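First up is the structure itself, then whatever we jot down about it.
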Amino acid sequence: MLENSLGRPAVISARGLYRNFGSTAALDNVNLDIQLGQSLAIMGPSGSGKSTLLHALAGIDLPDSGQITLNLPGSAPVQIESLKDKPRTKLRREAFGFVFQSGLLIPELTAIENVAMALMINAVPRSNAMDRAARALAQLGLAGMEERRIGQLSGGQQQRVAIARAQVTGASVVFADEPTGALDSATGAEVLETLLDCTVGAGKSLVMVTHDRTVAERCDRIVHLSDGRLLDGTARQERQAGAWS
Ligand code: ADP
């Protein structure tokens, strides 16, 4: 297993991932390590396999072949690809958080209920879940907006609710798919900083699909996909030193 410079194994290690849809190779021998406490941007043109890769790393949709190893601190390594549906769903709910472009929030519920739901599906009692959700919302600057329904919040506020929901469970890895894609650039920049604070700033990992170079540049590492193949990019230090990324 590959280890980072601190001698820790990668929190997620993907080896030899393949995924075909008919004759389309959405993933073509992808190898990737995600380090705890780091942010990774996945870039590439539309149809290059970004979402397929994100879904495979997060155990949402499995590859046809290849290994995805999850190494949470203090836990035995888990082979995500060999888990059956139920334990894979449980692992996803407990270990991972998700922030997608649309937020995937439930419009019939209030902001606080949307956040508390992430805990309640992990069997946290409602009153405890609501307390924790209120704290998470307050940390994200949404105190006083707990009882608003999703449609009564701006796009940026909705993404903050999604971030609160992704982090309230204590997830070690947050996956984001174009999290700022539906926002104007100023709001998008604020949401991105919040997302980085709540993940990398808290020692967690962020794996983000984006087609926006400015967004990707805020991450510790950028990788590029082309026709399902991963072309490794460079770390931020190298980019800052003037190397290509
Ligand atoms: P990206 O996120 O980079 O736009 P995707 O991962 O969504 O790319 O898709 C990669 C390729 O796989 C595309 O050619 C897409 O049409 C194809 N693909 C993705 N999901 C499916 C699916 N469920 N059925 C058929 N083809 C799919």
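Residue names in the structure tokens use chain letters A, B, ... in the order shown, residue numbers from 1 in each chain, and ligand numbers from 1 in the order shown.
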
Leaving out range 128-138 of chain A and any residue of its chain fewer than 5 positions from it, which residues lie within 7 Å of it when counting only C-alpha atoms, given as a ChimeraX atom specification?
-> /A:112,115-116,119-120,143,146,161,164,168

Tell me which protein, DNA and RNA residues are within 12 Å of Pro107 in chain A, counting only C-alpha atoms, leaving out same-chain ones fewer than 4 positions away, and put them as a list of chain:residue names.
->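 Once the nearby chain positions are removed, what remains is A:Ser102, A:Gly103, A:Ala111, A:Ile112, A:Glu113, A:Asn114, A:Arg148, A:Arg149, A:Ile150, A:Gly151, A:Gln152, A:Leu153, A:Gln158, A:Val161.
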
Got a sec: who's within 10 Å of Asp184 in chain A, counting only C-alpha atoms, leaving out chain neighbours fewer than 4 positions off, as a list in words?
-> Gly155, Gly156, Thr180, Gly188 and Ala189 of chain A

So that I have them on file, write out the residues from the current selection with N, CA and C atoms, as a PDB file, in the first residue's frame.
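Saved file selection.pdb follows:
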ATOM      1  N   GLY A 155     -29.183  30.066  -3.201  1.00  0.00           N
ATOM      2  CA  GLY A 155     -28.346  28.964  -3.678  1.00  0.00           C
ATOM      3  C   GLY A 155     -27.145  28.724  -2.777  1.00  0.00           C
ATOM      4  N   GLY A 156     -26.496  29.824  -2.348  1.00  0.00           N
ATOM      5  CA  GLY A 156     -25.329  29.693  -1.477  1.00  0.00           C
ATOM      6  C   GLY A 156     -25.716  29.119  -0.121  1.00  0.00           C
ATOM      7  N   THR A 180     -19.976  24.267  -6.700  1.00  0.00           N
ATOM      8  CA  THR A 180     -20.226  25.697  -6.900  1.00  0.00           C
ATOM      9  C   THR A 180     -20.805  25.958  -8.293  1.00  0.00           C
ATOM     10  N   GLY A 188     -19.936  31.337  -5.074  1.00  0.00           N
ATOM     11  CA  GLY A 188     -19.216  30.078  -5.269  1.00  0.00           C
ATOM     12  C   GLY A 188     -17.897  30.084  -4.514  1.00  0.00           C
ATOM     13  N   ALA A 189     -17.185  31.212  -4.557  1.00  0.00           N
ATOM     14  CA  ALA A 189     -15.899  31.303  -3.864  1.00  0.00           C
ATOM     15  C   ALA A 189     -16.098  31.160  -2.360  1.00  0.00           C
TER      16      ALA A 189
END

Separation of CA of Ser82 in chain A from CA of Ala95 in chain A, in Å and rounded to one decimal = 16.5 Å

Per residue of chain A within 10 Å of ligand 1, record the nearest atom pair and its distance in Å to one decimal, counting only C-alpha atoms and all ligand atoms, with rows in chain order and ascending residue number, as JSON lines.
{"residue": "A:Arg19", "atom": "CA", "partner": "ligand 1", "partner_atom_place_in_ligand_line": "12 (O)", "distance": 8.3}
{"residue": "A:Asn20", "atom": "CA", "partner": "ligand 1", "partner_atom_place_in_ligand_line": "12 (O)", "distance": 7.2}
{"residue": "A:Phe21", "atom": "CA", "partner": "ligand 1", "partner_atom_place_in_ligand_line": "26 (N)", "distance": 4.7}
{"residue": "A:Gly22", "atom": "CA", "partner": "ligand 1", "partner_atom_place_in_ligand_line": "25 (C)", "distance": 7.1}
{"residue": "A:Ser23", "atom": "CA", "partner": "ligand 1", "partner_atom_place_in_ligand_line": "26 (N)", "distance": 9.1}
{"residue": "A:Thr24", "atom": "CA", "partner": "ligand 1", "partner_atom_place_in_ligand_line": "14 (O)", "distance": 5.8}
{"residue": "A:Ala25", "atom": "CA", "partner": "ligand 1", "partner_atom_place_in_ligand_line": "12 (O)", "distance": 6.7}
{"residue": "A:Ala26", "atom": "CA", "partner": "ligand 1", "partner_atom_place_in_ligand_line": "11 (C)", "distance": 4.4}
{"residue": "A:Leu27", "atom": "CA", "partner": "ligand 1", "partner_atom_place_in_ligand_line": "10 (C)", "distance": 7.6}
{"residue": "A:Ile42", "atom": "CA", "partner": "ligand 1", "partner_atom_place_in_ligand_line": "3 (O)", "distance": 9.1}
{"residue": "A:Met43", "atom": "CA", "partner": "ligand 1", "partner_atom_place_in_ligand_line": "3 (O)", "distance": 7.9}
{"residue": "A:Gly44", "atom": "CA", "partner": "ligand 1", "partner_atom_place_in_ligand_line": "3 (O)", "distance": 6.1}
{"residue": "A:Pro45", "atom": "CA", "partner": "ligand 1", "partner_atom_place_in_ligand_line": "3 (O)", "distance": 5.9}
{"residue": "A:Ser46", "atom": "CA", "partner": "ligand 1", "partner_atom_place_in_ligand_line": "4 (O)", "distance": 3.7}
{"residue": "A:Gly47", "atom": "CA", "partner": "ligand 1", "partner_atom_place_in_ligand_line": "8 (O)", "distance": 3.4}
{"residue": "A:Ser48", "atom": "CA", "partner": "ligand 1", "partner_atom_place_in_ligand_line": "3 (O)", "distance": 3.9}
{"residue": "A:Gly49", "atom": "CA", "partner": "ligand 1", "partner_atom_place_in_ligand_line": "6 (O)", "distance": 3.2}
{"residue": "A:Lys50", "atom": "CA", "partner": "ligand 1", "partner_atom_place_in_ligand_line": "3 (O)", "distance": 3.8}
{"residue": "A:Ser51", "atom": "CA", "partner": "ligand 1", "partner_atom_place_in_ligand_line": "2 (O)", "distance": 3.7}
{"residue": "A:Thr52", "atom": "CA", "partner": "ligand 1", "partner_atom_place_in_ligand_line": "6 (O)", "distance": 3.7}
{"residue": "A:Leu53", "atom": "CA", "partner": "ligand 1", "partner_atom_place_in_ligand_line": "6 (O)", "distance": 6.5}
{"residue": "A:Leu54", "atom": "CA", "partner": "ligand 1", "partner_atom_place_in_ligand_line": "6 (O)", "distance": 8.1}
{"residue": "A:His55", "atom": "CA", "partner": "ligand 1", "partner_atom_place_in_ligand_line": "6 (O)", "distance": 8.4}
{"residue": "A:Ala56", "atom": "CA", "partner": "ligand 1", "partner_atom_place_in_ligand_line": "6 (O)", "distance": 9.8}
{"residue": "A:Asp61", "atom": "CA", "partner": "ligand 1", "partner_atom_place_in_ligand_line": "23 (N)", "distance": 9.5}
{"residue": "A:Asp177", "atom": "CA", "partner": "ligand 1", "partner_atom_place_in_ligand_line": "2 (O)", "distance": 8.7}
{"residue": "A:Glu178", "atom": "CA", "partner": "ligand 1", "partner_atom_place_in_ligand_line": "2 (O)", "distance": 9.8}
{"residue": "A:Val209", "atom": "CA", "partner": "ligand 1", "partner_atom_place_in_ligand_line": "2 (O)", "distance": 7.9}
{"residue": "A:Thr210", "atom": "CA", "partner": "ligand 1", "partner_atom_place_in_ligand_line": "2 (O)", "distance": 9.2}
{"residue": "A:His211", "atom": "CA", "partner": "ligand 1", "partner_atom_place_in_ligand_line": "3 (O)", "distance": 9.0}
{"residue": "A:His224", "atom": "CA", "partner": "ligand 1", "partner_atom_place_in_ligand_line": "3 (O)", "distance": 9.9}
{"residue": "A:Leu225", "atom": "CA", "partner": "ligand 1", "partner_atom_place_in_ligand_line": "3 (O)", "distance": 7.5}
{"residue": "A:Ser226", "atom": "CA", "partner": "ligand 1", "partner_atom_place_in_ligand_line": "3 (O)", "distance": 8.3}
{"residue": "A:Asp227", "atom": "CA", "partner": "ligand 1", "partner_atom_place_in_ligand_line": "10 (C)", "distance": 7.5}
{"residue": "A:Gly228", "atom": "CA", "partner": "ligand 1", "partner_atom_place_in_ligand_line": "10 (C)", "distance": 7.0}
